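J.: You'll find entry-v3.csv just under this line, and it carries CSV, C-alpha atoms.
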```csv
chain,number,residue,atom,x,y,z
C,17,MET,CA,10.9,-11.0,-2.9
C,18,SER,CA,11.1,-11.3,0.8
C,19,ALA,CA,11.9,-8.6,3.3
C,20,THR,CA,15.2,-8.9,4.9
C,21,PHE,CA,16.2,-6.8,7.9
C,22,GLY,CA,19.9,-7.4,7.9
C,23,GLY,CA,19.7,-9.5,11.0
C,24,ARG,CA,18.2,-6.7,13.0
C,25,SER,CA,16.0,-8.9,15.1
C,26,GLY,CA,15.2,-6.1,17.5
C,27,ARG,CA,13.7,-3.9,14.8
C,28,GLN,CA,11.9,-6.8,13.2
C,29,GLY,CA,10.5,-7.7,16.6
C,30,ARG,CA,9.1,-4.1,17.1
C,31,ILE,CA,7.6,-4.1,13.7
C,32,SER,CA,6.0,-7.5,14.2
C,33,GLU,CA,4.7,-6.4,17.6
C,34,TRP,CA,3.1,-3.3,16.1
C,35,LEU,CA,1.5,-5.3,13.3
C,36,ARG,CA,0.1,-7.9,15.8
C,37,GLY,CA,-1.3,-5.0,17.8
C,38,ARG,CA,-3.2,-3.8,14.8
C,39,ARG,CA,-4.7,-7.2,14.1
C,40,ALA,CA,-5.5,-7.8,17.8
C,41,GLY,CA,-7.4,-4.5,17.9
C,42,ARG,CA,-5.3,-3.0,20.7
C,43,PRO,CA,-5.9,0.8,21.1
C,44,LEU,CA,-2.9,1.9,19.1
C,45,ASP,CA,-2.6,5.2,17.3
C,46,GLU,CA,-3.2,5.0,13.5
C,47,THR,CA,0.4,6.0,13.1
C,48,PRO,CA,3.2,4.9,15.3
C,49,ASP,CA,5.7,7.2,17.1
C,50,ALA,CA,8.7,8.5,15.2
C,51,ALA,CA,10.9,5.5,15.9
C,52,GLY,CA,8.1,3.1,14.9
C,53,ARG,CA,7.3,5.1,11.8
C,54,GLU,CA,11.0,5.1,10.7
C,55,ALA,CA,11.3,1.4,11.4
C,56,LEU,CA,8.2,0.6,9.2
C,57,LEU,CA,9.5,2.8,6.4
C,58,LEU,CA,12.9,1.1,6.5
C,59,ALA,CA,11.2,-2.3,6.5
C,60,ALA,CA,9.3,-1.3,3.4
C,61,ALA,CA,12.5,-0.1,1.7
C,62,ALA,CA,14.4,-3.3,2.8
C,63,ALA,CA,11.6,-5.3,1.2
C,64,GLY,CA,12.5,-3.6,-2.1
C,65,LEU,CA,9.7,-1.0,-2.2
C,66,PRO,CA,11.1,2.2,-3.6
C,67,LEU,CA,10.0,5.2,-1.5
C,68,ALA,CA,9.6,9.0,-2.0
C,69,PRO,CA,8.2,11.7,0.3
C,70,ALA,CA,4.5,12.6,-0.1
C,71,ALA,CA,2.1,15.2,1.1
C,72,TYR,CA,0.4,14.9,4.5
C,73,PRO,CA,-2.8,16.1,6.1
C,74,SER,CA,-3.0,19.7,7.4
C,75,GLY,CA,-6.3,19.6,9.2
C,76,TYR,CA,-8.8,18.4,6.7
C,77,ARG,CA,-6.7,19.8,3.9
C,78,CYS,CA,-3.5,18.9,2.1
C,79,SER,CA,0.0,20.1,3.1
C,80,CYS,CA,0.6,21.2,-0.5
C,81,ASP,CA,-0.1,24.7,-1.7
C,82,ARG,CA,-2.6,23.6,-4.3
C,83,VAL,CA,-6.0,25.2,-3.7
C,84,GLY,CA,-8.7,22.4,-3.5
C,85,CYS,CA,-6.1,19.6,-3.9
C,86,PRO,CA,-8.2,16.7,-5.3
C,87,THR,CA,-6.1,14.0,-3.6
C,88,PRO,CA,-5.1,15.5,-0.2
C,89,ALA,CA,-2.2,13.8,1.5
C,90,ARG,CA,-2.2,11.1,-1.2
C,91,HIS,CA,0.4,12.4,-3.8
C,92,PRO,CA,4.2,12.8,-4.0
C,93,VAL,CA,5.8,16.1,-3.1
C,94,SER,CA,8.1,16.1,-6.2
C,95,PHE,CA,7.1,15.8,-9.8
C,96,ALA,CA,10.3,13.8,-10.2
C,97,TRP,CA,9.0,11.1,-7.8
C,98,GLN,CA,9.8,8.2,-10.3
C,99,THR,CA,13.5,9.0,-10.4
C,100,GLN,CA,13.5,10.2,-6.7
C,101,SER,CA,12.1,6.9,-5.4
C,102,THR,CA,14.7,4.8,-3.7
C,103,THR,CA,15.3,1.9,-1.3
C,104,ASP,CA,18.5,3.4,0.0
C,105,ARG,CA,18.5,3.1,3.7
C,106,SER,CA,20.4,6.3,4.5
C,107,GLN,CA,18.2,8.4,2.2
C,108,VAL,CA,15.0,7.0,3.7
C,109,GLU,CA,16.3,7.7,7.2
C,110,ARG,CA,17.1,11.3,6.3
C,111,TRP,CA,13.7,11.8,4.8
C,112,ALA,CA,11.9,10.3,7.7
C,113,ARG,CA,13.9,12.3,10.3
C,114,HIS,CA,13.9,15.7,8.4
C,115,GLN,CA,10.3,15.4,7.3
C,116,PRO,CA,8.6,14.0,10.4
C,117,GLU,CA,5.0,14.6,9.2
C,118,ALA,CA,5.5,13.4,5.6
C,119,ASN,CA,3.7,10.5,4.1
C,120,PHE,CA,5.5,8.3,1.6
C,121,ILE,CA,4.6,6.8,-1.7
C,122,THR,CA,6.0,3.7,-3.3
C,123,ALA,CA,6.5,3.8,-7.1
C,124,THR,CA,5.1,0.7,-8.8
C,125,GLY,CA,6.2,-1.0,-11.9
C,126,MET,CA,9.9,-1.1,-10.9
C,127,VAL,CA,10.0,-4.0,-8.4
C,128,HIS,CA,6.4,-4.5,-7.4
C,129,ASP,CA,2.9,-3.8,-8.6
C,130,VAL,CA,-0.2,-3.2,-6.5
C,131,LEU,CA,-3.6,-4.7,-7.1
C,132,ASP,CA,-6.0,-2.2,-5.5
C,133,VAL,CA,-9.6,-3.2,-4.8
C,134,PRO,CA,-12.6,-2.0,-2.9
C,135,LEU,CA,-12.3,-2.8,0.8
C,136,SER,CA,-15.2,-5.2,1.2
C,137,ALA,CA,-14.2,-7.1,-2.0
C,138,GLY,CA,-10.6,-7.2,-0.8
C,139,ARG,CA,-11.4,-8.6,2.6
C,140,GLN,CA,-13.5,-11.4,1.1
C,141,ALA,CA,-10.7,-12.1,-1.5
C,142,LEU,CA,-8.0,-12.2,1.2
C,143,GLU,CA,-10.0,-14.7,3.2
C,144,ARG,CA,-10.6,-16.9,0.2
C,145,LEU,CA,-6.9,-16.7,-0.9
C,146,LEU,CA,-5.6,-17.7,2.5
C,147,ALA,CA,-8.1,-20.5,2.9
C,148,ALA,CA,-7.1,-21.8,-0.5
C,149,GLY,CA,-3.4,-21.8,0.5
C,150,VAL,CA,-2.5,-19.2,-2.1
C,151,GLU,CA,0.7,-17.2,-1.4
C,152,VAL,CA,-0.3,-13.7,-0.4
C,153,GLY,CA,2.2,-11.0,0.0
C,154,PRO,CA,2.0,-7.6,1.8
C,155,VAL,CA,-1.5,-6.2,2.1
C,156,ALA,CA,-2.4,-2.6,3.2
C,157,GLU,CA,-5.7,-1.0,4.0
C,158,SER,CA,-6.5,2.6,3.0
C,159,GLU,CA,-9.3,3.8,5.3
C,160,SER,CA,-12.2,6.0,4.2
C,161,GLU,CA,-15.0,7.8,6.1
C,162,ALA,CA,-17.4,7.0,3.2
C,163,GLU,CA,-17.0,3.2,3.6
C,164,ASP,CA,-15.2,3.2,0.2
C,165,GLY,CA,-11.8,2.3,1.5
C,166,ARG,CA,-9.4,0.2,-0.5
C,167,LEU,CA,-7.3,-3.0,0.1
C,168,LEU,CA,-3.9,-3.0,-1.6
C,169,PHE,CA,-2.3,-6.3,-2.6
C,170,PHE,CA,1.5,-5.9,-3.2
C,171,THR,CA,2.9,-8.3,-5.9
C,172,HIS,CA,5.8,-8.8,-8.2
C,173,THR,CA,5.8,-6.4,-11.1
C,174,ARG,CA,5.1,-7.3,-14.7
C,175,GLY,CA,6.6,-4.0,-15.7
C,176,THR,CA,10.3,-4.9,-16.2
C,177,PRO,CA,10.5,-7.6,-18.9
C,178,GLU,CA,14.0,-8.4,-20.2
C,179,ASP,CA,12.8,-7.7,-23.7
C,180,GLU,CA,10.8,-4.5,-23.9
C,181,ASP,CA,8.8,-6.0,-26.7
C,182,GLU,CA,7.4,-8.4,-24.2
C,183,TRP,CA,5.7,-5.6,-22.2
C,184,TRP,CA,2.0,-6.0,-22.3
C,185,PRO,CA,-0.5,-3.3,-21.2
C,186,CYS,CA,-3.7,-4.3,-19.4
C,187,GLU,CA,-7.1,-2.8,-19.4
C,188,LEU,CA,-6.9,-2.8,-15.6
C,189,ASP,CA,-3.8,-0.5,-15.6
C,190,CYS,CA,-4.3,2.5,-13.4
C,191,HIS,CA,-2.4,5.8,-13.1
C,192,PRO,CA,-2.9,8.6,-10.6
C,193,GLU,CA,-4.8,10.7,-13.2
C,194,THR,CA,-7.2,7.8,-14.1
C,195,MET,CA,-8.2,6.6,-10.6
C,196,ASP,CA,-11.9,7.5,-11.1
C,197,GLU,CA,-12.1,5.4,-14.3
C,198,HIS,CA,-11.4,2.3,-12.2
C,199,PRO,CA,-13.8,2.0,-9.3
C,200,GLY,CA,-13.2,-1.7,-9.1
C,201,LEU,CA,-9.9,-3.5,-9.6
C,202,ARG,CA,-7.0,-1.1,-10.2
C,203,TRP,CA,-3.6,-2.5,-11.4
C,204,HIS,CA,-0.8,-0.1,-10.4
C,205,CYS,CA,2.2,-0.8,-12.6
C,206,ARG,CA,4.4,1.5,-14.7
C,207,GLY,CA,3.9,5.2,-14.0
C,208,SER,CA,1.8,4.8,-10.9
C,209,TYR,CA,2.2,4.8,-7.1
C,210,VAL,CA,0.4,4.1,-3.9
C,211,LEU,CA,0.8,5.4,-0.3
C,212,VAL,CA,2.9,3.1,1.8
C,213,PRO,CA,2.1,2.5,5.5
C,214,PRO,CA,2.3,4.1,7.9
C,215,ALA,CA,0.4,7.1,6.3
C,216,ARG,CA,-2.0,9.6,7.6
C,217,LEU,CA,-5.1,10.9,5.8
C,218,PRO,CA,-7.4,13.8,6.5
C,219,GLY,CA,-10.1,13.1,9.1
C,220,ASP,CA,-7.8,11.0,11.4
C,221,LEU,CA,-7.8,8.2,8.8
C,222,ALA,CA,-4.8,6.1,7.9
C,223,VAL,CA,-3.1,3.6,5.6
C,224,HIS,CA,-1.8,0.7,7.6
C,225,TRP,CA,-0.5,-2.8,7.0
C,226,VAL,CA,-2.8,-5.8,7.3
C,227,ARG,CA,0.0,-8.1,6.3
C,228,GLY,CA,3.5,-6.5,6.6
C,229,PRO,CA,6.3,-6.2,4.1
C,230,GLU,CA,8.1,-9.2,5.6
C,231,HIS,CA,5.8,-11.4,3.4
C,232,PRO,CA,7.3,-12.4,0.0
C,233,LEU,CA,5.8,-10.7,-3.1
C,234,PRO,CA,3.6,-13.2,-5.0
C,235,ASP,CA,2.9,-13.5,-8.8
C,236,PRO,CA,0.1,-11.1,-9.5
C,237,LEU,CA,-1.6,-13.6,-11.7
C,238,SER,CA,-2.0,-16.0,-8.8
C,239,LEU,CA,-4.3,-13.5,-7.1
C,240,LEU,CA,-6.1,-12.1,-10.1
C,241,GLU,CA,-8.9,-14.6,-10.5
C,242,ILE,CA,-10.2,-14.4,-7.0
C,243,LEU,CA,-9.8,-10.6,-6.8
C,244,THR,CA,-11.7,-10.2,-10.1
C,245,ASP,CA,-14.4,-12.5,-8.9
C,246,GLU,CA,-14.9,-10.6,-5.6
C,247,CYS,CA,-14.8,-7.2,-7.4
C,248,ALA,CA,-17.6,-8.5,-9.7
C,249,ARG,CA,-19.7,-9.6,-6.7
C,250,HIS,CA,-19.1,-6.3,-5.0
C,251,ALA,CA,-20.2,-4.3,-8.2
C,252,ALA,CA,-23.3,-6.5,-8.4
C,253,GLY,CA,-24.2,-5.7,-4.8
C,254,GLU,CA,-24.0,-9.3,-3.6
C,255,PRO,CA,-23.9,-9.5,0.2
C,256,ASP,CA,-20.6,-10.2,1.8
C,257,THR,CA,-20.0,-12.7,4.5
C,258,ALA,CA,-19.2,-11.2,7.9
C,259,TRP,CA,-15.6,-9.9,8.2
C,260,PRO,CA,-14.3,-11.1,11.6
C,261,GLN,CA,-13.9,-8.4,14.2
C,262,HIS,CA,-11.1,-8.6,16.7
C,263,GLY,CA,-11.8,-7.3,20.2
```
Let me see the file written as structure tokens.

T.:
Amino acid sequence: MSATFGGRSGRQGRISEWLRGRRAGRPLDETPDAAGREALLLAAAAAGLPLAPAAYPSGYRCSCDRVGCPTPARHPVSFAWQTQSTTDRSQVERWARHQPEANFITATGMVHDVLDVPLSAGRQALERLLAAGVEVGPVAESESEAEDGRLLFFTHTRGTPEDEDEWWPCELDCHPETMDEHPGLRWHCRGSYVLVPPARLPGDLAVHWVRGPEHPLPDPLSLLEILTDECARHAAGEPDTAWPQHG
């Protein structure tokens, strides 16, 4: 599914400029200003990614009232996030304007899935996929101080077969409560979610687009072999080739 912006070339131009700035290494903030944030969220919704408000960092802690929150700024605000998630433009605008500090999650398994891999493995896989001419959709980076960041590959979902009997679970399936069981490749499908850019994390970290939501969603199986291969190399401790730095 490709992102459409309803002919709003000005908004699309601002989004593209912001994304180019990220790739070119210009000294931009990890999160854009209010107008840029809203435009990026609306672009994600226009691309078919259902959104719902999420917690945000409060210093090094989470904005929620849970003592010792295990996933600060990385979880939905409402327990009803699956039914709350929407692509409705008016609702996303209201949330963005009335909750200016909020992060947003996107619920997987409805329209899209996310293949979530260690950052170094994901970078190598992305380079290989593009070099091989494989269609790659939106890709986001979730930063980490401990060098255990993640790269998120957005794909079509396998979670909505016409015949429910055709639904097939996968050993790679990951849910919010089983993250630690999947240090390598995580397949976010039914009942899961990921943060959608732009998102802020404790410690001045962020989740940002590497490839924006204007890219069509690919078939997840077209990415799986190379992602699995690079995750296996990562787990085995094989050295990565240098990731190009933009100055």

J.: Closest to Glu54 (chain C) among C:Pro88, C:Pro214, C:Pro229, C:Gly253, using all atoms listed in the file?

T.: C:Pro214

J.: First collect every listed atom of region 214-226 of chain C; then fit an axis-aligned box around them, widen it by 4 Å on each side, and give centre and edge lengths in Å to one decimal, as lines of an AutoDock Vina configuration file.

T.:
```
center_x = -3.9
center_y = 4.0
center_z = 8.5
size_x = 20.4
size_y = 27.6
size_z = 13.8
```

J.: Closest to His204 (chain C) among C:Thr103, C:Thr244, C:Thr87, C:Thr122, using all atoms listed in the file?

T.: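 Of the candidates, the smallest distance to His204 (chain C) is held by C:Thr122.
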
J.: List as a tab-separated table (two decimals) with C-alpha atoms, in the frame of the given file the protein and nucleic acid residues near Glu163 (chain C), meaning an atom at most 12 Å away when only C-alpha atoms are counted, but skip any in the same chain fewer than 3 places from it.

T.:
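Saved the output as part_13.tsv:
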```
chain	number	residue	atom	x	y	z
C	134	PRO	CA	-12.60	-2.00	-2.90
C	135	LEU	CA	-12.30	-2.80	0.80
C	136	SER	CA	-15.20	-5.20	1.20
C	158	SER	CA	-6.50	2.60	3.00
C	159	GLU	CA	-9.30	3.80	5.30
C	160	SER	CA	-12.20	6.00	4.20
C	166	ARG	CA	-9.40	0.20	-0.50
C	221	LEU	CA	-7.80	8.20	8.80
```

J.: Point out the residue among C:Ala51, C:Val210, C:Leu239, C:Ala222 with the least atom-to-atom distance to Ala112 (chain C), counting all atoms listed in the file.

T.: C:Ala51

J.: Just give me the gap between CA of Pro154 (chain C) and CA of Leu58 (chain C) in Å, one decimal is fine.

T.: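 Taking CA of Pro154 (chain C) and CA of Leu58 (chain C), their separation equals 14.7 Å.
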
J.: Using only C-alpha atoms, can you tell me which of C:Arg144, C:Arg82, C:His224, C:His128 comes closest to Leu57 (chain C)?

T.: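 The shortest atom-to-atom distance to Leu57 (chain C) comes from C:His224.
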
J.: Need to verify the contact set: Glu151 (chain C), 10 Å, all atoms listed in the file, exclusion of same-chain residues closer than 4 positions in sequence. Can you return it as a PyMOL selection string?

T.: chain C and resi 145-146+231-235+238-239

J.: Name all residues at most 10 Å from Arg113 (chain C) (count only C-alpha atoms; drop same-chain ones fewer than 3 positions away) and give them as a VMD selection string.

T.: chain C and resid 50 to 51 53 to 54 107 to 110 116 to 118

J.: Can you tell me, as a VMD selection string, what residues are no more than 12 Å from Leu243 (chain C) when counting only C-alpha atoms, ignoring any on the same chain fewer than 3 positions away?

T.: chain C and resid 131 to 145 152 167 to 169 200 to 203 236 to 240 246 to 250

J.: Hey, which of C:Gly84, C:Pro92, C:Gly52, C:Gly207 ends up closest to Met126 (chain C)? Count all atoms listed in the file.

T.: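 Ranking C:Gly84, C:Pro92, C:Gly52, C:Gly207 by distance to Met126 (chain C), first place goes to C:Gly207.
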
J.: Name all residues at most 7 Å from region 64-76 of chain C (count only C-alpha atoms; drop same-chain ones fewer than 6 positions away) and give them as an mmCIF file with C-alpha atoms, keeping the file's coordinate frame.

T.:
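out-v5.cif, freshly written:
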```cif
data_model
loop_
_atom_site.group_PDB
_atom_site.id
_atom_site.type_symbol
_atom_site.label_atom_id
_atom_site.label_comp_id
_atom_site.auth_asym_id
_atom_site.auth_seq_id
_atom_site.Cartn_x
_atom_site.Cartn_y
_atom_site.Cartn_z
ATOM 1 C CA PRO C 88 -5.100 15.500 -0.200
ATOM 2 C CA ALA C 89 -2.200 13.800 1.500
ATOM 3 C CA ARG C 90 -2.200 11.100 -1.200
ATOM 4 C CA HIS C 91 0.400 12.400 -3.800
ATOM 5 C CA PRO C 92 4.200 12.800 -4.000
ATOM 6 C CA VAL C 93 5.800 16.100 -3.100
ATOM 7 C CA TRP C 97 9.000 11.100 -7.800
ATOM 8 C CA GLN C 100 13.500 10.200 -6.700
ATOM 9 C CA SER C 101 12.100 6.900 -5.400
ATOM 10 C CA THR C 102 14.700 4.800 -3.700
ATOM 11 C CA THR C 103 15.300 1.900 -1.300
ATOM 12 C CA GLU C 117 5.000 14.600 9.200
ATOM 13 C CA ALA C 118 5.500 13.400 5.600
ATOM 14 C CA ASN C 119 3.700 10.500 4.100
ATOM 15 C CA PHE C 120 5.500 8.300 1.600
ATOM 16 C CA ILE C 121 4.600 6.800 -1.700
ATOM 17 C CA THR C 122 6.000 3.700 -3.300
ATOM 18 C CA ALA C 123 6.500 3.800 -7.100
ATOM 19 C CA VAL C 127 10.000 -4.000 -8.400
ATOM 20 C CA ARG C 216 -2.000 9.600 7.600
ATOM 21 C CA LEU C 217 -5.100 10.900 5.800
ATOM 22 C CA PRO C 218 -7.400 13.800 6.500
ATOM 23 C CA GLY C 219 -10.100 13.100 9.100
#
```

J.: To one decimal place, how far is CA of Thr124 (chain C) from CA of Cys205 (chain C) in Å?

T.: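 If I compute the distance from CA of Thr124 (chain C) to CA of Cys205 (chain C), I get 5.0 Å.
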